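Shown below: query30.cif, with mmCIF, C-alpha atoms.
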```
data_query
#
loop_
_atom_site.label_atom_id
_atom_site.label_comp_id
_atom_site.auth_asym_id
_atom_site.auth_seq_id
_atom_site.Cartn_x
_atom_site.Cartn_y
_atom_site.Cartn_z
CA MET A 10 -4.96 -15.36 74.29
CA VAL A 11 -2.77 -16.24 71.31
CA ILE A 12 -4.48 -16.77 67.97
CA PRO A 13 -3.02 -19.70 66.04
CA MET A 14 -0.97 -18.72 62.98
CA ALA A 15 -3.27 -20.67 60.66
CA SER A 16 -6.25 -18.60 61.82
CA ASN A 17 -4.24 -15.40 61.36
CA LEU A 18 -3.48 -16.34 57.74
CA ALA A 19 -7.11 -17.09 57.10
CA LEU A 20 -7.98 -13.52 57.97
CA LEU A 21 -5.77 -12.13 55.16
CA PRO A 22 -7.64 -11.50 51.86
CA GLU A 23 -6.63 -13.65 48.90
CA PRO A 24 -4.97 -11.71 46.05
CA GLU A 25 -7.23 -10.96 43.12
CA PRO A 26 -6.58 -13.11 40.05
CA LEU A 27 -4.91 -11.26 37.20
CA ARG A 28 -7.31 -10.00 34.56
CA ALA A 29 -4.81 -8.11 32.40
CA VAL A 30 -1.19 -7.12 32.04
CA THR A 31 0.54 -4.13 30.57
CA VAL A 32 3.52 -4.71 28.27
CA SER A 33 6.01 -1.88 27.79
CA ARG A 34 9.66 -0.93 27.85
CA ASP A 35 9.05 0.83 31.19
CA VAL A 36 5.52 1.27 32.48
CA GLN A 37 6.67 4.20 34.66
CA GLU A 38 6.87 6.22 31.43
CA PHE A 39 3.07 5.86 31.16
CA ASP A 40 1.86 7.18 34.52
CA LEU A 41 -1.61 8.00 33.20
CA LEU A 42 -1.94 4.41 32.01
CA ILE A 43 -1.07 3.17 35.52
CA GLU A 44 -3.81 5.36 36.99
CA ASP A 45 -6.38 4.18 34.46
CA MET A 46 -5.46 0.51 34.90
CA GLU A 47 -5.88 0.84 38.68
CA ALA A 48 -9.19 2.61 38.21
CA GLU A 49 -10.40 -0.09 35.80
CA LEU A 50 -9.01 -3.24 37.47
CA GLY A 51 -7.86 -2.34 40.96
CA GLU A 52 -5.02 -4.73 41.83
CA ALA A 53 -5.98 -7.33 39.23
CA TRP A 54 -3.28 -6.42 36.74
CA GLY A 55 0.46 -6.78 36.31
CA ASP A 56 3.29 -5.39 34.21
CA LEU A 57 5.82 -7.05 31.88
CA ASN A 58 8.53 -5.88 29.56
CA PHE A 59 8.67 -7.08 25.95
CA SER A 60 11.02 -10.02 26.58
CA GLU A 61 9.08 -11.20 29.63
CA ALA A 62 5.80 -10.93 27.74
CA ILE A 63 6.80 -13.42 25.03
CA ALA A 64 7.67 -16.06 27.64
CA PHE A 65 4.61 -15.36 29.82
CA LEU A 66 2.12 -15.46 26.96
CA ARG A 67 3.22 -19.00 26.13
CA GLN A 68 2.24 -20.22 29.60
CA GLU A 69 -1.15 -21.64 30.53
CA GLU A 70 -1.65 -18.88 33.10
CA ALA A 71 -1.83 -16.30 30.32
CA ARG A 72 -4.99 -17.88 28.92
CA LYS A 73 -6.86 -16.77 32.07
CA LEU A 74 -6.36 -13.08 31.21
CA ASP A 75 -9.06 -10.96 29.61
CA PHE A 76 -6.69 -8.75 27.60
CA ILE A 77 -3.25 -7.12 27.47
CA VAL A 78 -2.37 -3.46 27.02
CA LEU A 79 0.68 -2.78 24.86
CA ALA A 80 2.20 0.64 25.62
CA VAL A 81 4.77 1.99 23.16
CA ASP A 82 6.34 5.34 22.37
CA LYS A 83 8.71 6.79 19.78
CA GLU A 84 11.76 5.22 21.45
CA ASP A 85 10.30 1.78 20.70
CA GLU A 86 10.29 2.19 16.92
CA GLY A 87 13.61 0.35 16.73
CA ARG A 88 12.06 -2.80 18.21
CA LEU A 89 8.83 -2.98 16.20
CA ALA A 90 9.51 -6.56 15.12
CA GLN A 91 9.71 -7.71 18.76
CA ILE A 92 6.57 -5.77 19.66
CA ALA A 93 4.71 -7.28 16.71
CA ASP A 94 5.79 -10.73 17.96
CA VAL A 95 4.18 -9.92 21.32
CA ILE A 96 0.92 -9.05 19.56
CA ARG A 97 0.97 -12.22 17.47
CA GLN A 98 1.75 -14.39 20.52
CA ALA A 99 -1.12 -12.78 22.42
CA LYS A 100 -3.49 -13.51 19.53
CA GLN A 101 -2.33 -17.14 19.41
CA THR A 102 -3.07 -17.38 23.12
CA GLY A 103 -6.57 -16.05 22.46
CA LEU A 104 -6.16 -12.64 24.12
CA ARG A 105 -7.41 -9.23 23.06
CA VAL A 106 -4.77 -6.53 22.57
CA ILE A 107 -5.18 -2.79 23.23
CA LEU A 108 -2.44 -0.64 21.75
CA VAL A 109 -1.57 2.58 23.59
CA ALA A 110 0.82 4.70 21.51
CA ASP A 111 2.67 7.91 22.34
CA GLY A 112 4.30 9.80 19.43
CA LEU A 113 4.54 6.71 17.27
CA GLY A 114 4.96 7.39 13.56
CA PRO A 115 2.02 6.63 11.25
CA MET A 116 3.85 3.80 9.47
CA ALA A 117 4.92 2.15 12.73
CA LEU A 118 1.42 2.53 14.13
CA HIS A 119 -0.09 1.01 11.01
CA ASP A 120 2.31 -1.98 11.17
CA LEU A 121 1.37 -2.76 14.78
CA LEU A 122 -2.34 -2.48 14.09
CA ARG A 123 -1.95 -4.79 11.11
CA ALA A 124 -0.06 -7.26 13.31
CA GLY A 125 -3.34 -7.93 15.13
CA ALA A 126 -4.09 -5.28 17.75
CA ASP A 127 -7.82 -5.21 18.55
CA ASP A 128 -8.14 -1.60 19.61
CA PHE A 129 -6.18 1.61 19.93
CA ALA A 130 -5.87 4.55 22.30
CA PRO A 131 -3.50 7.53 21.96
CA TYR A 132 -1.26 8.63 24.82
CA PRO A 133 -1.65 10.84 26.81
CA LEU A 134 -4.90 8.98 27.35
CA PRO A 135 -8.06 11.06 26.89
CA GLU A 136 -10.62 10.75 29.66
CA ASN A 137 -12.30 7.30 29.66
CA ALA A 138 -10.32 6.22 26.57
CA LEU A 139 -8.97 3.06 28.20
CA SER A 140 -12.31 2.18 29.76
CA GLU A 141 -14.09 2.54 26.43
CA ALA A 142 -11.47 0.44 24.65
CA VAL A 143 -11.83 -2.32 27.24
CA ALA A 144 -15.61 -2.22 26.90
CA ARG A 145 -15.37 -2.50 23.11
CA ILE A 146 -13.09 -5.51 23.05
CA LEU A 147 -14.99 -7.35 25.78
CA THR A 148 -18.49 -6.71 24.47
CA THR A 149 -18.07 -6.62 20.69
CA GLY A 150 -14.94 -8.68 20.22
CA GLY A 151 -12.84 -5.70 19.11
CA ALA A 152 -13.24 -2.93 16.62
CA GLU A 153 -13.47 -3.68 12.92
CA SER A 154 -10.00 -3.56 11.38
CA ILE A 155 -10.74 -0.87 8.77
CA GLU A 156 -12.61 1.35 11.23
CA MET A 157 -9.87 0.95 13.82
CA LEU A 158 -7.17 1.91 11.31
CA ARG A 159 -9.18 4.94 10.25
CA ARG A 160 -9.75 6.05 13.84
CA ALA A 161 -6.13 5.44 14.81
CA GLY A 162 -4.94 7.47 11.84
CA ALA A 163 -7.25 10.36 12.68
CA GLU A 164 -6.17 10.38 16.31
CA THR A 165 -2.51 10.27 15.33
CA VAL A 166 -2.98 13.32 13.10
CA ASP A 167 -4.80 15.14 15.90
CA ALA A 168 -1.97 14.31 18.31
CA GLU A 169 0.68 15.54 15.87
CA MET A 170 -1.20 18.82 15.35
CA ALA A 171 -1.41 19.30 19.10
CA HIS A 172 2.32 18.48 19.52
CA PRO A 173 4.02 19.55 16.27
CA ALA A 174 7.50 18.91 17.67
CA ALA A 175 6.66 15.23 17.90
CA ALA A 176 5.22 15.03 14.41
CA VAL A 177 6.82 12.48 12.11
CA PRO A 178 8.01 13.80 8.72
CA ALA A 179 6.34 12.48 5.57
CA THR A 180 7.86 9.44 3.93
CA THR A 181 10.20 9.98 1.02
CA THR A 182 7.79 8.43 -1.40
CA GLY A 183 5.27 11.22 -1.11
CA GLY A 184 2.56 12.64 1.07
CA GLY A 185 -1.16 12.50 1.48
CA PRO A 186 -3.53 10.33 3.51
CA ARG A 187 -3.43 6.60 3.30
CA GLY A 188 -6.33 5.17 1.39
CA GLN A 189 -7.30 3.23 -1.69
CA GLY A 190 -4.83 4.12 -4.43
CA ALA A 191 -5.38 4.12 -8.16
CA VAL A 192 -4.17 1.16 -10.24
CA PHE A 193 -2.95 1.60 -13.82
CA ALA A 194 -1.94 -1.49 -15.81
CA VAL A 195 0.24 -1.28 -18.92
CA GLN A 196 0.48 -4.00 -21.57
CA SER A 197 2.04 -4.20 -25.03
CA ALA A 198 -0.05 -5.34 -27.94
CA ALA A 199 3.12 -6.88 -29.41
CA GLY A 200 6.73 -7.32 -28.37
CA GLY A 201 8.78 -4.15 -28.45
CA ASP A 202 5.85 -1.74 -28.48
CA GLY A 203 7.20 0.08 -25.41
CA ALA A 204 4.93 -0.85 -22.51
CA THR A 205 7.76 -1.07 -19.96
CA THR A 206 9.22 2.24 -21.13
CA LEU A 207 5.83 3.85 -20.61
CA ALA A 208 5.24 2.16 -17.24
CA VAL A 209 8.61 3.14 -15.78
CA ASN A 210 8.60 6.72 -17.04
CA LEU A 211 4.96 7.34 -16.19
CA ALA A 212 5.60 6.09 -12.65
CA TRP A 213 8.65 8.34 -12.29
CA GLU A 214 6.81 11.42 -13.55
CA LEU A 215 3.96 10.81 -11.11
CA ALA A 216 6.37 10.23 -8.22
CA THR A 217 8.21 13.50 -8.94
CA ILE A 218 5.29 15.65 -10.09
CA SER A 219 5.54 17.77 -6.95
CA LYS A 220 8.32 18.39 -4.43
CA ASN A 221 6.05 18.27 -1.40
CA ALA A 222 2.75 16.69 -2.44
CA ALA A 223 3.63 14.01 -4.97
CA PRO A 224 1.66 10.77 -4.66
CA ARG A 225 3.28 7.63 -3.30
CA VAL A 226 3.94 5.51 -6.38
CA CYS A 227 4.78 1.83 -6.74
CA VAL A 228 5.60 -0.13 -9.91
CA ILE A 229 4.79 -3.85 -9.88
CA ASP A 230 6.48 -5.94 -12.56
CA LEU A 231 4.30 -8.97 -13.27
CA GLY A 232 6.48 -10.10 -16.15
CA LEU A 233 7.44 -13.22 -14.20
CA GLN A 234 9.59 -14.51 -17.04
CA PHE A 235 11.20 -11.57 -18.81
CA GLY A 236 10.12 -8.51 -16.82
CA SER A 237 12.68 -5.72 -17.17
CA VAL A 238 11.56 -2.89 -14.88
CA ALA A 239 14.53 -3.64 -12.60
CA THR A 240 16.89 -3.37 -15.58
CA TYR A 241 15.44 -0.03 -16.65
CA LEU A 242 16.10 1.37 -13.14
CA ASP A 243 19.28 -0.59 -12.27
CA LEU A 244 17.69 -2.21 -9.22
CA PRO A 245 18.59 -5.64 -7.79
CA ARG A 246 16.01 -8.42 -8.02
CA LYS A 247 15.51 -9.62 -4.48
CA PRO A 248 15.34 -13.40 -3.89
CA MET A 249 12.39 -12.91 -1.53
CA ILE A 250 10.22 -11.87 -4.51
CA TYR A 251 9.79 -15.55 -5.29
CA GLU A 252 8.87 -16.30 -1.65
CA VAL A 253 6.25 -13.55 -1.66
CA LEU A 254 4.71 -14.68 -4.95
CA SER A 255 4.68 -18.32 -3.78
CA ASP A 256 2.58 -17.47 -0.73
CA VAL A 257 0.74 -14.22 -1.35
CA ALA A 258 -2.13 -15.27 0.92
CA SER A 259 0.05 -15.08 4.04
CA MET A 260 1.86 -11.89 3.02
CA ASP A 261 1.40 -8.86 5.24
CA GLU A 262 2.38 -5.26 4.65
CA GLN A 263 5.73 -5.68 6.35
CA ALA A 264 6.73 -8.54 4.03
CA PHE A 265 5.47 -6.60 1.01
CA ARG A 266 7.52 -3.53 1.88
CA GLN A 267 10.64 -5.62 2.51
CA ALA A 268 10.33 -7.03 -1.00
CA LEU A 269 10.26 -3.57 -2.57
CA GLY A 270 13.24 -1.80 -4.07
CA THR A 271 13.51 1.98 -4.09
CA TYR A 272 14.74 4.23 -6.88
CA LYS A 273 16.22 7.53 -5.65
CA ASP A 274 13.98 7.45 -2.56
CA ARG A 275 10.99 8.47 -4.67
CA LEU A 276 9.74 5.39 -6.49
CA SER A 277 9.03 1.95 -4.99
CA VAL A 278 9.45 -1.09 -7.22
CA PHE A 279 8.27 -4.69 -6.91
CA THR A 280 10.62 -6.27 -9.42
CA ALA A 281 10.25 -9.45 -11.44
CA PRO A 282 11.80 -12.57 -9.81
CA THR A 283 15.49 -13.38 -10.21
CA ASP A 284 14.69 -16.55 -12.19
CA ILE A 285 12.35 -17.24 -15.09
CA LEU A 286 9.14 -18.62 -13.58
CA PRO A 287 5.95 -20.07 -15.09
CA LEU A 288 3.16 -17.55 -15.48
CA ASP A 289 0.79 -19.84 -13.58
CA LEU A 290 2.93 -19.56 -10.45
CA ILE A 291 0.31 -17.10 -9.25
CA GLY A 292 -3.46 -17.22 -9.66
CA PRO A 293 -6.24 -14.63 -9.75
CA ASP A 294 -6.64 -14.62 -5.96
CA ASP A 295 -2.92 -14.01 -5.51
CA VAL A 296 -3.00 -11.07 -7.91
CA VAL A 297 -6.04 -9.55 -6.22
CA GLY A 298 -4.35 -9.89 -2.82
CA LEU A 299 -1.11 -8.35 -4.07
CA LEU A 300 -2.78 -5.38 -5.75
CA SER A 301 -5.20 -4.81 -2.88
CA LEU A 302 -2.29 -4.59 -0.46
CA ALA A 303 -0.33 -2.36 -2.81
CA ARG A 304 -3.18 0.10 -3.25
CA THR A 305 -3.58 0.45 0.53
CA CYS A 306 0.14 1.31 0.82
CA PHE A 307 0.45 3.65 -2.17
CA ASP A 308 -1.52 6.38 -3.88
CA VAL A 309 -0.74 5.10 -7.37
CA VAL A 310 0.15 1.55 -8.41
CA ILE A 311 1.41 0.92 -11.95
CA VAL A 312 1.45 -2.70 -13.13
CA ASP A 313 3.75 -3.72 -15.96
CA MET A 314 2.04 -6.71 -17.57
CA PRO A 315 3.56 -9.55 -19.60
CA ILE A 316 2.73 -9.67 -23.31
CA ALA A 317 0.90 -12.97 -22.87
CA VAL A 318 -2.71 -13.20 -21.72
CA THR A 319 -2.60 -15.29 -18.55
CA GLY A 320 -5.08 -16.92 -16.21
CA TRP A 321 -4.90 -13.84 -14.01
CA THR A 322 -5.02 -11.08 -16.65
CA ASP A 323 -8.73 -10.61 -15.98
CA ALA A 324 -7.95 -10.24 -12.26
CA VAL A 325 -5.59 -7.35 -13.01
CA PHE A 326 -8.14 -5.89 -15.38
CA GLY A 327 -10.77 -6.05 -12.65
CA GLN A 328 -8.50 -4.28 -10.15
CA ALA A 329 -7.28 -1.62 -12.57
CA ASP A 330 -8.85 1.81 -12.86
CA LEU A 331 -7.33 2.12 -16.32
CA TYR A 332 -5.74 -0.54 -18.53
CA PHE A 333 -3.28 0.87 -21.08
CA VAL A 334 -2.64 -1.17 -24.24
CA VAL A 335 0.44 0.14 -26.03
CA CYS A 336 0.41 -0.31 -29.82
CA GLY A 337 2.98 0.26 -32.52
CA ARG A 338 2.42 1.52 -36.05
CA GLU A 339 2.29 -1.91 -37.64
CA VAL A 340 -0.27 -4.51 -38.61
CA ARG A 341 0.57 -7.07 -35.90
CA SER A 342 0.08 -4.55 -33.10
CA ALA A 343 -3.18 -3.32 -34.59
CA GLN A 344 -4.53 -6.83 -35.02
CA ASN A 345 -3.50 -7.89 -31.52
CA ALA A 346 -5.11 -4.80 -30.01
CA MET A 347 -8.35 -5.57 -31.81
CA ARG A 348 -8.21 -9.24 -30.75
CA PHE A 349 -7.60 -8.25 -27.13
CA GLN A 350 -10.62 -5.97 -27.15
CA ARG A 351 -12.76 -8.74 -28.62
CA LEU A 352 -11.57 -11.11 -25.90
CA LEU A 353 -12.66 -8.69 -23.19
CA GLN A 354 -16.02 -8.19 -24.83
CA ALA A 355 -16.53 -11.96 -25.10
CA GLU A 356 -15.79 -12.31 -21.39
CA GLY A 357 -18.22 -9.52 -20.53
CA LEU A 358 -15.51 -7.31 -19.04
CA PRO A 359 -15.89 -3.50 -19.03
CA VAL A 360 -13.96 -2.42 -22.13
CA GLU A 361 -14.38 1.23 -21.14
CA LYS A 362 -11.36 0.66 -18.89
CA LEU A 363 -9.21 0.14 -21.97
CA ALA A 364 -6.99 3.05 -22.99
CA PHE A 365 -5.19 2.43 -26.27
CA VAL A 366 -1.86 4.22 -26.62
CA LEU A 367 -0.12 4.61 -29.95
CA ASN A 368 3.65 4.66 -29.55
CA ARG A 369 6.26 5.98 -32.02
CA ALA A 370 3.64 8.10 -33.75
CA PRO A 371 4.60 10.52 -36.55
CA GLY A 372 5.32 14.12 -35.64
CA LYS A 373 2.62 16.78 -35.51
CA MET A 374 3.82 18.27 -38.79
CA ASP A 375 3.40 14.97 -40.64
CA MET A 376 -0.20 15.48 -41.72
CA SER A 377 -0.35 12.33 -43.85
CA GLY A 378 0.94 10.30 -40.91
CA ARG A 379 -1.72 11.75 -38.61
CA GLY A 380 -4.34 10.88 -41.19
CA ARG A 381 -3.13 7.28 -41.26
CA ILE A 382 -3.48 7.11 -37.48
CA ASP A 383 -7.08 8.28 -37.63
CA LYS A 384 -7.82 5.80 -40.41
CA MET A 385 -6.21 2.98 -38.45
CA ALA A 386 -8.29 3.71 -35.37
CA GLU A 387 -11.45 3.91 -37.46
CA LEU A 388 -10.83 0.58 -39.20
CA LEU A 389 -10.07 -1.19 -35.92
CA GLY A 390 -13.04 0.37 -34.13
CA ILE A 391 -10.88 1.73 -31.32
CA LYS A 392 -9.86 5.13 -30.01
CA PHE A 393 -6.31 6.15 -29.13
CA HIS A 394 -6.48 7.91 -25.79
CA ALA A 395 -2.83 8.97 -26.06
CA VAL A 396 -0.46 9.34 -29.01
CA LEU A 397 3.23 9.22 -28.08
CA PRO A 398 5.86 10.55 -30.49
CA ASP A 399 8.92 8.62 -31.59
CA GLY A 400 11.74 9.50 -29.22
CA GLY A 401 14.36 8.02 -31.53
CA LYS A 402 17.57 6.26 -30.59
CA GLN A 403 17.90 8.47 -27.54
CA VAL A 404 15.16 6.46 -25.79
CA THR A 405 17.10 3.21 -26.18
CA GLU A 406 20.32 4.88 -25.05
CA VAL A 407 18.69 6.28 -21.90
CA ASN A 408 17.06 2.92 -21.13
CA ASP A 409 20.48 1.28 -21.43
CA GLN A 410 21.79 3.76 -18.86
CA ALA A 411 19.01 2.65 -16.44
CA ALA A 412 17.41 6.03 -15.87
CA PRO A 413 14.07 7.71 -16.60
CA LEU A 414 13.94 9.77 -19.79
CA SER A 415 13.32 13.10 -18.09
CA THR A 416 16.51 12.83 -16.01
CA LEU A 417 18.92 12.34 -18.93
CA ALA A 418 16.89 13.59 -21.91
CA PRO A 419 14.37 16.14 -20.60
CA ARG A 420 13.87 17.70 -24.04
CA ASN A 421 13.08 14.42 -25.74
CA ALA A 422 9.64 14.52 -27.37
CA LEU A 423 8.58 11.23 -25.76
CA ALA A 424 9.66 12.42 -22.32
CA ARG A 425 7.58 15.57 -22.65
CA GLU A 426 4.49 13.69 -23.80
CA ILE A 427 4.72 11.21 -20.93
CA GLN A 428 5.02 14.17 -18.56
CA LYS A 429 1.79 15.57 -19.97
CA LEU A 430 0.06 12.22 -19.56
CA ALA A 431 1.26 12.02 -15.94
CA CYS A 432 -0.05 15.54 -15.25
CA GLU A 433 -3.45 14.65 -16.68
CA LEU A 434 -3.70 11.50 -14.57
CA HIS A 435 -2.55 13.37 -11.46
CA GLU A 436 -5.04 16.19 -12.01
CA ALA A 437 -7.83 13.69 -12.61
CA ARG A 438 -6.97 11.84 -9.42
CA GLU A 439 -6.87 15.07 -7.40
CA ALA A 440 -10.16 16.21 -8.89
CA ILE A 441 -11.86 12.96 -7.98
CA GLU A 442 -10.49 13.03 -4.43
CA SER A 443 -11.46 16.66 -3.90
CA GLY A 444 -14.89 15.91 -5.33
CA GLN A 445 -15.38 13.17 -2.77
CA ASP A 446 -14.03 15.12 0.17
CA MET A 447 -15.46 18.53 -0.80
CA SER A 448 -18.84 17.65 -2.21
CA ARG A 449 -20.29 20.96 -1.03
CA ALA A 450 -17.65 23.13 -2.68
CA ARG A 451 -18.98 25.86 -4.92
CA LYS A 452 -16.85 24.90 -7.90
CA PRO A 453 -17.42 21.41 -9.25
CA ALA A 454 -14.43 19.07 -9.41
CA LYS A 455 -12.58 19.02 -12.69
CA LYS A 456 -13.97 16.34 -14.97
CA ALA A 457 -11.86 13.18 -14.86
CA ILE A 458 -10.12 12.08 -18.03
CA PHE A 459 -11.25 8.78 -19.47
CA GLY A 460 -14.19 8.81 -17.02
CA LEU A 461 -11.98 7.36 -14.28
CA LYS A 462 -13.26 6.43 -10.85
CA PHE A 463 -10.27 5.60 -8.70
CA GLY A 464 -10.33 3.02 -5.89
#
```

Turn the structure described in the file into structure tokens.
Amino acid sequence: MVIPMASNLALLPEPEPLRAVTVSRDVQEFDLLIEDMEAELGEAWGDLNFSEAIAFLRQEEARKLDFIVLAVDKEDEGRLAQIADVIRQAKQTGLRVILVADGLGPMALHDLLRAGADDFAPYPLPENALSEAVARILTTGGAESIEMLRRAGAETVDAEMAHPAAAVPATTTGGGPRGQGAVFAVQSAAGGDGATTLAVNLAWELATISKNAAPRVCVIDLGLQFGSVATYLDLPRKPMIYEVLSDVASMDEQAFRQALGTYKDRLSVFTAPTDILPLDLIGPDDVVGLLSLARTCFDVVIVDMPIAVTGWTDAVFGQADLYFVVCGREVRSAQNAMRFQRLLQAEGLPVEKLAFVLNRAPGKMDMSGRGRIDKMAELLGIKFHAVLPDGGKQVTEVNDQAAPLSTLAPRNALAREIQKLACELHEAREAIESGQDMSRARKPAKKAIFGLKFG
């Protein structure tokens, strides 16, 4: 008896509908992932490369998936932009994304997580790691971004310790764990008082304070009209600075880093725009967003402020751990410093963040000059937290050569004093961090200068 062909077809099982896909350069490089996907989904999954994934995720069929698994390794670091596009397309389609990474550098890993990945698992996959990640994204809607970044960072460090040959070297801008950096703002009480000179040189001293463990430092020039940090370091002003400032809300870390210039591979700089722009181009929310992103990328952020008080000055003040006001030895600077303090008090802002700095002070041997400084501070009701000596014409000459003081004039009195200030800030920051991380240590952390509490 011959069974009709139609009946024979009816006996064959229908293929399971796809529930997930893996996206990779070559899934055969991730054999453990193949085993775990089969254990989790049976035959209800497929595989795509990066180019195929972009096209597939735009189709209606992709909306029926539960999630995608993005598998990347160190060889994929050259195509991070394409991989990030896959993540963003998946999110637009409404899909959850699990990132499986093998030997990926911390910066690359951070960029992909920030692009929108919902969960993370290191490769080689620990037992049940994929199953737990799938359960998290399907039951809780994905891990919280901050917690996921923390966990991913910890697992990356563990993987690098287990496989030191695959460890990624530290970035040229310094070492240390990623976290909430300190923010120091610098503003002149009057034109020519030396705020930019202090900001640039303080940033350089912090960035070079140690050969192996210097903090990552970034200078942000918010002098939208006449900011000169770029001039002091001979850096080009990138046209995209204006684009970033015009739409800070949509800026991500990748766009922020692309806008930065780098001085001698040690100091990152967000320069002023190429053109003179109105100070109200940005608002308080834009400033908060910019500084919040900067302090997650760097250990120390130094903000060079315009002389004018703007609609977003209070936003910078709120973000800053310490707000330096640089004064000269003249009546206009003293009066402006006093007026600025009164303004903050009237607005109910914490004036304890203020750190008045007297620039071009008389030498230590000039006792009458030192007495005038003390009298000036007493009459104004302020305290000078730092007194910087007059570096003379050499300071102007070095600035004109677009270099930090300590590189061309290491014996200059001003250069030495700024070095001391940088050391004090660095020691205070280290003491605070060690106090947080080593609360049970026998020796108490060194007391922070100025009563700072970073982050």

Could you list, as a CSV table (one decimal) with C-alpha atoms, in the frame of the given file, every residue matched by the PyMOL selection byres ((chain A and resi 396-398) around 9) in this structure?
```
chain,number,residue,atom,x,y,z
A,365,PHE,CA,-5.2,2.4,-26.3
A,366,VAL,CA,-1.9,4.2,-26.6
A,367,LEU,CA,-0.1,4.6,-30.0
A,368,ASN,CA,3.6,4.7,-29.6
A,369,ARG,CA,6.3,6.0,-32.0
A,370,ALA,CA,3.6,8.1,-33.8
A,371,PRO,CA,4.6,10.5,-36.6
A,372,GLY,CA,5.3,14.1,-35.6
A,373,LYS,CA,2.6,16.8,-35.5
A,393,PHE,CA,-6.3,6.2,-29.1
A,394,HIS,CA,-6.5,7.9,-25.8
A,395,ALA,CA,-2.8,9.0,-26.1
A,399,ASP,CA,8.9,8.6,-31.6
A,400,GLY,CA,11.7,9.5,-29.2
A,401,GLY,CA,14.4,8.0,-31.5
A,422,ALA,CA,9.6,14.5,-27.4
A,423,LEU,CA,8.6,11.2,-25.8
A,426,GLU,CA,4.5,13.7,-23.8
A,427,ILE,CA,4.7,11.2,-20.9
```

Requested in this report: Name every residue that the PyMOL selection byres ((chain A and resi 55) around 10) selects in this structure, writing the answer as a PyMOL selection string with chains first and numbers rising.
Outcome: chain A and resi 27-32+46+52-54+56-57+77

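If only C-alpha atoms are the atoms counted, then among A:Phe39, A:Phe265, A:Phe349, A:Phe76 the closest residue to A:Ile96 is A:Phe76.
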
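Considering all atoms listed in the file, the residue among A:Leu231, A:Val109, A:Val404, A:Ala303 positioned nearest to A:Val318 is A:Leu231.
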
Q) Looking at all atoms listed in the file, which of A:Glu361, A:Asp330, A:Glu38, A:Asp409 is the one that sits closest to A:Val238? A)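 Closest residue, counting all atoms listed in the file: A:Asp409.
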
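Closest approach to A:Leu434 from the set A:Ala62, A:Ala212, A:Gln91, A:Asp111 is made by A:Ala212, with distances taken over all atoms listed in the file.
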
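Picture a line from atom CA of A:Val278 to atom CA of A:Val325; it runs 17.3 Å.
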
(request) Using all atoms listed in the file, find the one residue out of A:Arg145, A:Lys220, A:Arg348, A:His119 that sits nearest to A:Val106. (result)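 Ranked by minimum distance to A:Val106, first place goes to A:Arg145.
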
Neighbour list for A:Leu89 as a PDB file with C-alpha atoms, in the coordinates of the input, cut-off 9 Å, all atoms listed in the file, skip fewer than 3 positions in-chain:
```pdb
ATOM      1  CA  ASP A  85      10.300   1.780  20.700  1.00  0.00           C
ATOM      2  CA  GLU A  86      10.290   2.190  16.920  1.00  0.00           C
ATOM      3  CA  ILE A  92       6.570  -5.770  19.660  1.00  0.00           C
ATOM      4  CA  ALA A  93       4.710  -7.280  16.710  1.00  0.00           C
ATOM      5  CA  ASP A  94       5.790 -10.730  17.960  1.00  0.00           C
ATOM      6  CA  ALA A 117       4.920   2.150  12.730  1.00  0.00           C
ATOM      7  CA  ASP A 120       2.310  -1.980  11.170  1.00  0.00           C
ATOM      8  CA  LEU A 121       1.370  -2.760  14.780  1.00  0.00           C
TER       9      LEU A 121
END
```

Pick from A:Val334, A:Cys227, A:Val95, A:Leu104, whichever lies nearest to A:Glu70 using all atoms listed in the file: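 The shortest atom-to-atom distance to A:Glu70 comes from A:Leu104.
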
Name all residues at most 12 Å from A:Gly390 (count only C-alpha atoms; drop same-chain ones fewer than 5 positions away) and give them as a PyMOL selection string.
-> chain A and resi 343-344+346-348+350-351+365+383-385
